[in-house]
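All remarks here apply to the structure that follows.
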Amino acid sequence: MKIDLSFKYKDLLKQINKEKPFEPEFAIILGSGLGDFASSLDVKKSISTEDLPGYPPSTVTGHSGKIIFAEVKNKKLLLFKGRIHFYEGYKIYECVLPVFITHKLNCKKILLTNAAGGINRNFIAGDLMLADSFNGMNIKKELIELIDIPTSEIKNRFLDFPSSKLNDVVREAAIYEKIILQEGTYWYSKGPSYETPAEINLMYKFGGDAVGMSTVLEAIFANLIGMETVAISCITNLAAGISLNKLSHEEVTETANKVKSKFERLVKRVISSI
Ligand code: HPA
């Protein structure tokens with residue numbers, strides 16, 4: 001079913017346009033490990049998502065999302081704190097709302113960050129991984145329905161995806177900061193539960209290096225609407241069946257917290273290089 005996002009979110013967009021202090025040049029969706037990123041930046045405006053008409057409410061009581069306009073190293077940033085996940089019961093068009101808002105603010109570049117489980121046997125918990133490709137075969141159709149471009153043109157939209165230019169920026173930033181950067185394919189899992197060992201085995205056999213329940217919807221949509229996209233994962237745990245431990249959200253947040261400063265350093269260097 002076709003959904004006209006400009007119409008559906010017209011009041012929300014009107015309000016953001018009224019409150020925005022500038023047009024951002026780079027947007028970041030903050031995943032686990034980067035939640036506090038804005039606190040070290042020069043924040044110009046922070047908007048609570050619960051004050052925006054139609055913005056999907058956070059399912060975690062007392063933790064509203066924030067859309068933050070901030071500056072660092074003369075770069076104008078747009079940050080999304082608090083993601084909209086499909087496994088929370090939201091529709092696909094709601095999950096991509098941050099990307100749509102970014103696009104409507106004329107921002108052409110987006111960095112997607114996330115926590116992920118490591119499938120690649122060479123990864124360890126705490127590694128950072130540049131997602132040099134994605135597997136989202138099971139969700140493309142729904143995303144394509146959200147945009148208004150001819151099928152013949154859609155076919156070419158994944159030729160430089162994720163952006164090779166932005167990928168190089170991340171690689172160079174990691175070298176500059178002396179951070180070991182893994183690379184690999186991020187596999188989208190709809191959730192809501194962590195995967196079974198059999199599912200991880202399938203992903204491994206088909207070339208998955210990391211698995212997570214976010215990012216791919218946003219990345220495919222951003223690419224379809226012509227934005228340059230790049231994604232970095234924090235490998236918070238080894239995936240089911242590779243790790244001998246039972247997976248837990250606590251392990252994910254604990255590792256994300258441990259690597260927070262490394263992750264922030266990398267992202268700040270990326271920002272200064274774009
Ligand atoms: N699977 C899915 N999502 C995740 C994982 C995982 O192992 N770790 C962090 N997010």
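Each chain in the structure tokens gets a letter, A, B and so on, in the order shown; residues start at 1 in every chain, and ligands are counted from 1 in the order they appear.
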
Show me which residues are within 10 Å of ligand 1 counting only C-alpha atoms and all ligand atoms, and format the list as a compact mmCIF listing (two decimals) with N, CA and C atoms, in the first residue's frame.
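Generated file (result.txt):
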```txt
# COMPACT_ATOMS: atom_id res chain seq x y z
N GLY A 31 22.83 4.47 17.95
CA GLY A 31 22.46 3.15 18.47
C GLY A 31 23.09 2.95 19.83
N SER A 32 23.01 1.71 20.33
CA SER A 32 23.60 1.40 21.64
C SER A 32 25.08 1.76 21.62
N ASN A 114 24.68 1.04 15.40
CA ASN A 114 23.87 0.01 16.05
C ASN A 114 24.72 -0.93 16.88
N ALA A 115 24.03 -1.73 17.68
CA ALA A 115 24.68 -2.85 18.37
C ALA A 115 24.34 -4.10 17.56
N ALA A 116 25.28 -5.00 17.45
CA ALA A 116 25.03 -6.20 16.65
C ALA A 116 25.72 -7.41 17.26
N GLY A 117 25.22 -8.58 16.89
CA GLY A 117 25.85 -9.83 17.31
C GLY A 117 26.87 -10.25 16.25
N GLY A 118 28.01 -10.73 16.70
CA GLY A 118 29.06 -11.13 15.75
C GLY A 118 28.85 -12.54 15.24
N ILE A 119 28.81 -12.69 13.92
CA ILE A 119 28.70 -14.03 13.31
C ILE A 119 30.09 -14.48 12.84
N ALA A 125 33.70 -9.55 21.07
CA ALA A 125 32.81 -8.53 21.64
C ALA A 125 33.62 -7.27 21.91
N TRP A 187 23.41 -8.32 8.68
CA TRP A 187 22.20 -9.07 8.31
C TRP A 187 21.04 -8.61 9.18
N TYR A 188 19.95 -8.22 8.52
CA TYR A 188 18.78 -7.74 9.26
C TYR A 188 17.93 -8.88 9.77
N SER A 189 17.69 -8.86 11.08
CA SER A 189 16.81 -9.83 11.70
C SER A 189 15.61 -9.04 12.25
N LYS A 190 14.40 -9.47 11.91
CA LYS A 190 13.23 -8.68 12.31
C LYS A 190 12.98 -8.70 13.82
N GLY A 191 13.51 -9.71 14.51
CA GLY A 191 13.24 -9.83 15.93
C GLY A 191 11.83 -10.36 16.15
N PRO A 192 11.22 -10.18 17.31
CA PRO A 192 11.76 -9.45 18.46
C PRO A 192 12.76 -10.24 19.30
N SER A 193 12.86 -11.56 19.08
CA SER A 193 13.80 -12.32 19.92
C SER A 193 15.16 -12.34 19.25
N TYR A 194 16.19 -12.63 20.02
CA TYR A 194 17.48 -12.93 19.41
C TYR A 194 17.31 -14.18 18.55
N GLU A 195 18.28 -14.42 17.70
CA GLU A 195 18.18 -15.51 16.73
C GLU A 195 18.42 -16.86 17.41
N THR A 196 18.01 -17.91 16.71
CA THR A 196 18.37 -19.26 17.18
C THR A 196 19.74 -19.60 16.57
N ILE A 200 21.47 -18.40 12.91
CA ILE A 200 22.81 -17.81 12.79
C ILE A 200 23.67 -18.64 11.83
N ALA A 210 27.58 -9.98 10.77
CA ALA A 210 26.98 -9.48 12.01
C ALA A 210 25.48 -9.46 11.81
N VAL A 211 24.76 -9.52 12.94
CA VAL A 211 23.30 -9.53 12.86
C VAL A 211 22.72 -8.54 13.86
N GLY A 212 21.66 -7.87 13.43
CA GLY A 212 21.00 -6.93 14.33
C GLY A 212 19.58 -6.66 13.87
N MET A 213 18.84 -5.96 14.73
CA MET A 213 17.41 -5.74 14.46
C MET A 213 17.09 -4.31 14.07
N SER A 214 18.05 -3.64 13.48
CA SER A 214 17.80 -2.25 13.07
C SER A 214 18.55 -1.96 11.77
N SER A 233 28.68 -0.82 13.17
CA SER A 233 28.11 -1.66 14.23
C SER A 233 29.09 -1.79 15.37
N CYS A 234 28.53 -1.82 16.56
CA CYS A 234 29.34 -2.20 17.72
C CYS A 234 29.00 -3.67 17.98
N ILE A 235 29.98 -4.53 17.85
CA ILE A 235 29.73 -5.96 18.09
C ILE A 235 29.70 -6.16 19.61
N THR A 236 28.48 -6.26 20.13
CA THR A 236 28.34 -6.30 21.59
C THR A 236 28.42 -7.71 22.16
N ASN A 237 28.26 -8.70 21.30
CA ASN A 237 28.24 -10.11 21.77
C ASN A 237 28.50 -11.00 20.57
N LEU A 238 28.89 -12.22 20.82
CA LEU A 238 28.94 -13.19 19.73
C LEU A 238 27.53 -13.76 19.57
N ALA A 239 27.13 -13.97 18.33
CA ALA A 239 25.75 -14.37 18.04
C ALA A 239 25.42 -15.75 18.63
N ALA A 240 24.11 -16.05 18.68
CA ALA A 240 23.63 -17.29 19.28
C ALA A 240 24.31 -18.52 18.67
N GLY A 241 24.77 -19.40 19.51
CA GLY A 241 25.41 -20.63 19.02
C GLY A 241 26.90 -20.45 18.82
N ILE A 242 27.35 -19.23 18.59
CA ILE A 242 28.79 -18.97 18.49
C ILE A 242 29.28 -18.68 19.91
N SER A 243 28.49 -17.86 20.59
CA SER A 243 28.75 -17.65 22.01
C SER A 243 28.21 -18.85 22.77
N LEU A 247 22.39 -15.31 25.40
CA LEU A 247 22.42 -13.89 25.04
C LEU A 247 21.52 -13.10 25.97
N SER A 248 21.96 -11.89 26.29
CA SER A 248 21.10 -11.06 27.14
C SER A 248 21.27 -9.60 26.77
N HIS A 249 20.21 -8.84 27.02
CA HIS A 249 20.26 -7.41 26.76
C HIS A 249 21.32 -6.76 27.65
N GLU A 251 24.20 -8.01 28.54
CA GLU A 251 25.53 -8.17 27.92
C GLU A 251 25.71 -7.13 26.82
N VAL A 252 24.64 -6.91 26.04
CA VAL A 252 24.69 -5.95 24.94
C VAL A 252 25.00 -4.55 25.48
N THR A 253 24.26 -4.12 26.50
CA THR A 253 24.47 -2.76 27.01
C THR A 253 25.81 -2.64 27.74
N THR A 255 28.67 -4.24 27.07
CA THR A 255 29.76 -4.09 26.08
C THR A 255 29.66 -2.73 25.40
N ALA A 256 28.43 -2.32 25.06
CA ALA A 256 28.25 -1.02 24.39
C ALA A 256 28.83 0.10 25.26
```

Wanna dump the segment 72-145 of chain A-segment 151-157 of chain A contacts at 12 Å for me, each residue with its shortest atom pair and the distance in Å to one decimal, counting only C-alpha atoms, ordered by chain and number, as CSV?
```
residue,atom,partner,partner_atom,distance
A:Lys140,CA,A:Ile154,CA,10.8
A:Lys141,CA,A:Ile154,CA,11.0
A:Leu143,CA,A:Ile154,CA,11.1
A:Ile144,CA,A:Ile154,CA,8.0
A:Glu145,CA,A:Thr151,CA,10.4
```

_Could you list, as a list of chain:residue names, every residue within 9 Å of Lys108 of chain A, counting only C-alpha atoms and ignoring same-chain residues fewer than 2 positions away?_
A:Pro24, A:Glu25, A:Phe26, A:Ala27, A:Thr102, A:His103, A:Leu105, A:Asn106, A:Ile110, A:Ala222, A:Gly226, A:Met227, A:Glu228, A:Thr229

*Skipping near chain neighbours, those fewer than 6 positions away, what residues fall within 12 Å of Ser58 of chain A using only C-alpha atoms, listed as a ChimeraX atom specification?*
/A:48-51,64-66,81-85,88-90,94-95

Would you save the residues from that selection as a short mmCIF file (atom, residue, chain, number, x, y, z; two decimals), in the first residue's frame, using N, CA and C atoms?
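Writing the result to again-v8.cif gives the following:
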```cif
data_model
loop_
_atom_site.label_atom_id
_atom_site.label_comp_id
_atom_site.auth_asym_id
_atom_site.auth_seq_id
_atom_site.Cartn_x
_atom_site.Cartn_y
_atom_site.Cartn_z
N SER A 48 12.00 17.04 22.03
CA SER A 48 11.49 15.75 22.51
C SER A 48 10.55 15.18 21.47
N THR A 49 10.74 13.93 21.11
CA THR A 49 9.89 13.38 20.05
C THR A 49 8.43 13.28 20.50
N GLU A 50 8.21 13.23 21.84
CA GLU A 50 6.80 13.16 22.29
C GLU A 50 6.07 14.48 22.05
N ASP A 51 6.83 15.56 21.76
CA ASP A 51 6.19 16.85 21.44
C ASP A 51 5.92 17.00 19.94
N SER A 64 11.84 9.26 26.60
CA SER A 64 11.37 9.76 25.31
C SER A 64 12.57 9.90 24.36
N GLY A 65 12.30 9.86 23.09
CA GLY A 65 13.35 10.06 22.11
C GLY A 65 13.65 11.55 21.97
N LYS A 66 14.80 11.84 21.39
CA LYS A 66 15.16 13.24 21.16
C LYS A 66 15.71 13.40 19.75
N LYS A 81 18.18 10.35 18.85
CA LYS A 81 18.42 9.53 20.04
C LYS A 81 17.14 8.76 20.32
N GLY A 82 17.20 7.48 20.28
CA GLY A 82 15.98 6.67 20.44
C GLY A 82 15.47 6.27 19.07
N ARG A 83 15.62 5.01 18.77
CA ARG A 83 15.25 4.49 17.46
C ARG A 83 13.84 3.96 17.42
N ILE A 84 13.30 3.81 16.22
CA ILE A 84 11.98 3.19 16.07
C ILE A 84 12.21 1.81 15.44
N HIS A 85 11.93 0.77 16.21
CA HIS A 85 12.22 -0.59 15.73
C HIS A 85 10.96 -1.30 15.26
N GLU A 88 9.25 -3.51 17.84
CA GLU A 88 8.40 -2.88 18.86
C GLU A 88 6.94 -2.86 18.41
N GLY A 89 6.71 -3.31 17.20
CA GLY A 89 5.35 -3.37 16.68
C GLY A 89 5.04 -2.22 15.73
N TYR A 90 6.06 -1.45 15.38
CA TYR A 90 5.82 -0.33 14.46
C TYR A 90 5.80 -0.79 13.01
N GLU A 94 7.02 3.79 9.74
CA GLU A 94 7.34 4.50 10.98
C GLU A 94 8.82 4.33 11.33
N CYS A 95 9.36 3.15 11.05
CA CYS A 95 10.78 2.89 11.36
C CYS A 95 11.71 3.80 10.58
#
```

*From a DSSP calculation on the backbone, collect every residue of segment 82-200 of chain A in strand (DSSP E) and output the set as a ChimeraX atom specification.*
/A:109-118,128-135,181-188

Expected file: the selected residues, N, CA, C and O atoms, as a CSV table (one decimal), in the first residue's frame:
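Once everything was written out, this is selection.csv:
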```csv
chain,number,residue,atom,x,y,z
A,109,LYS,N,23.5,13.2,3.8
A,109,LYS,CA,24.4,12.1,4.3
A,109,LYS,C,23.9,11.6,5.7
A,109,LYS,O,23.6,12.4,6.5
A,110,ILE,N,24.0,10.3,5.8
A,110,ILE,CA,23.5,9.8,7.1
A,110,ILE,C,24.4,8.6,7.6
A,110,ILE,O,24.8,7.8,6.8
A,111,LEU,N,24.7,8.6,8.9
A,111,LEU,CA,25.5,7.5,9.5
A,111,LEU,C,24.5,6.8,10.4
A,111,LEU,O,23.9,7.4,11.3
A,112,LEU,N,24.4,5.5,10.2
A,112,LEU,CA,23.6,4.7,11.1
A,112,LEU,C,24.4,3.8,12.0
A,112,LEU,O,25.4,3.2,11.5
A,113,THR,N,24.2,3.9,13.3
A,113,THR,CA,25.0,3.1,14.2
A,113,THR,C,24.1,2.1,15.0
A,113,THR,O,22.9,2.4,15.1
A,114,ASN,N,24.7,1.0,15.4
A,114,ASN,CA,23.9,0.0,16.0
A,114,ASN,C,24.7,-0.9,16.9
A,114,ASN,O,26.0,-0.9,16.8
A,115,ALA,N,24.0,-1.7,17.7
A,115,ALA,CA,24.7,-2.8,18.4
A,115,ALA,C,24.3,-4.1,17.6
A,115,ALA,O,23.2,-4.2,17.0
A,116,ALA,N,25.3,-5.0,17.5
A,116,ALA,CA,25.0,-6.2,16.6
A,116,ALA,C,25.7,-7.4,17.3
A,116,ALA,O,26.7,-7.3,18.0
A,117,GLY,N,25.2,-8.6,16.9
A,117,GLY,CA,25.9,-9.8,17.3
A,117,GLY,C,26.9,-10.2,16.3
A,117,GLY,O,26.6,-10.1,15.1
A,118,GLY,N,28.0,-10.7,16.7
A,118,GLY,CA,29.1,-11.1,15.7
A,118,GLY,C,28.8,-12.5,15.2
A,118,GLY,O,28.7,-13.5,16.0
A,128,LEU,N,34.4,-2.9,16.6
A,128,LEU,CA,33.6,-2.0,15.7
A,128,LEU,C,33.7,-2.6,14.3
A,128,LEU,O,34.7,-3.0,13.9
A,129,MET,N,32.5,-2.6,13.6
A,129,MET,CA,32.5,-3.1,12.3
A,129,MET,C,31.9,-2.1,11.3
A,129,MET,O,30.7,-1.6,11.5
A,130,LEU,N,32.6,-1.8,10.2
A,130,LEU,CA,32.0,-1.0,9.2
A,130,LEU,C,31.1,-2.0,8.4
A,130,LEU,O,31.6,-3.0,7.9
A,131,ALA,N,29.8,-1.6,8.2
A,131,ALA,CA,28.9,-2.5,7.4
A,131,ALA,C,29.2,-2.2,5.9
A,131,ALA,O,28.7,-1.2,5.4
A,132,ASP,N,30.0,-3.0,5.3
A,132,ASP,CA,30.2,-2.8,3.9
A,132,ASP,C,29.2,-3.3,2.9
A,132,ASP,O,29.2,-3.1,1.7
A,133,SER,N,28.2,-4.1,3.5
A,133,SER,CA,27.0,-4.5,2.8
A,133,SER,C,25.9,-4.9,3.8
A,133,SER,O,26.2,-5.1,4.9
A,134,PHE,N,24.7,-5.0,3.2
A,134,PHE,CA,23.6,-5.4,4.1
A,134,PHE,C,22.8,-6.5,3.4
A,134,PHE,O,22.8,-6.6,2.2
A,135,ASN,N,22.2,-7.3,4.3
A,135,ASN,CA,21.2,-8.3,3.7
A,135,ASN,C,19.8,-7.9,4.3
A,135,ASN,O,19.6,-8.0,5.5
A,181,LEU,N,39.3,-1.7,12.9
A,181,LEU,CA,37.9,-1.7,12.4
A,181,LEU,C,37.7,-2.9,11.5
A,181,LEU,O,38.4,-3.2,10.6
A,182,GLN,N,36.7,-3.7,12.0
A,182,GLN,CA,36.3,-4.9,11.2
A,182,GLN,C,35.4,-4.4,10.1
A,182,GLN,O,34.9,-3.3,10.1
A,183,GLU,N,35.3,-5.3,9.1
A,183,GLU,CA,34.3,-4.9,8.0
A,183,GLU,C,33.5,-6.2,7.7
A,183,GLU,O,34.0,-7.3,7.8
A,184,GLY,N,32.3,-6.0,7.3
A,184,GLY,CA,31.5,-7.1,6.9
A,184,GLY,C,30.0,-6.8,6.6
A,184,GLY,O,29.6,-5.6,6.6
A,185,THR,N,29.3,-7.8,6.3
A,185,THR,CA,27.9,-7.7,5.9
A,185,THR,C,27.0,-7.8,7.2
A,185,THR,O,27.1,-8.7,8.0
A,186,TYR,N,26.1,-6.8,7.3
A,186,TYR,CA,25.2,-6.7,8.4
A,186,TYR,C,23.9,-7.3,8.0
A,186,TYR,O,23.3,-6.9,7.0
A,187,TRP,N,23.4,-8.3,8.7
A,187,TRP,CA,22.2,-9.1,8.3
A,187,TRP,C,21.0,-8.6,9.2
A,187,TRP,O,21.1,-8.6,10.4
A,188,TYR,N,20.0,-8.2,8.5
A,188,TYR,CA,18.8,-7.7,9.3
A,188,TYR,C,17.9,-8.9,9.8
A,188,TYR,O,17.5,-9.8,9.0
```

*Grab the atom CA of Lys268 of chain A to atom CA of Lys45 of chain A distance for me, in Å with one decimal place.*
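If I compute the distance from atom CA of Lys268 of chain A to atom CA of Lys45 of chain A, I get 19.1 Å.
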
_Just to confirm, what's the straight-line distance from atom CA of Ser46 of chain A to atom CA of Ile67 of chain A in Å (one decimal)?_
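Distance between the two atoms: 5.8 Å.
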
*asked:* Measuring between only C-alpha atoms, which one of A:Asp168, A:Glu177, A:Asp127, A:Glu71 shows the shortest distance to Ser40 of chain A?
replied: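 Using only C-alpha atoms, the shortest distance to Ser40 of chain A belongs to A:Glu71.
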
*Using only C-alpha atoms, which residue out of A:Leu166, A:Ile149, A:Leu12, A:Ile68 lies closest to Phe37 of chain A?*
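Among A:Leu166, A:Ile149, A:Leu12, A:Ile68, it is A:Ile68 that comes nearest to Phe37 of chain A.
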
_Please determine, counting only C-alpha atoms, which residue among A:Ile16, A:Ala231, A:Ala38, A:Ile101 has the shortest atom-to-atom distance to Val170 of chain A._
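When distances to Val170 of chain A are compared using only C-alpha atoms, the smallest one comes from A:Ala231.
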
_Residue set, segment 13-91 of chain A restricted to alpha helix (DSSP H), as a list in words_ =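 Put together, the selection reads Leu13, Lys14, Gln15, Ile16, Asn17, Lys18 and Glu19 of chain A.
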
*So which one's closest to Lys73 of chain A, A:Lys165, A:Asn257, A:Asp42, A:Phe123? Using only C-alpha atoms, please.*
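Nearest candidate to Lys73 of chain A out of A:Lys165, A:Asn257, A:Asp42, A:Phe123: A:Asp42.
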
*Nearest to Ser163 of chain A among A:Ile147, A:Leu202, A:Glu142, A:Val230, with distances taken over only C-alpha atoms: which residue is it?*
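Nearest candidate to Ser163 of chain A out of A:Ile147, A:Leu202, A:Glu142, A:Val230: A:Val230.
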
*Atom pair atom CA of Asn167 of chain A / atom CA of Ser273 of chain A: separation (Å)*: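 Computed distance, atom CA of Asn167 of chain A to atom CA of Ser273 of chain A, equals 11.7 Å.
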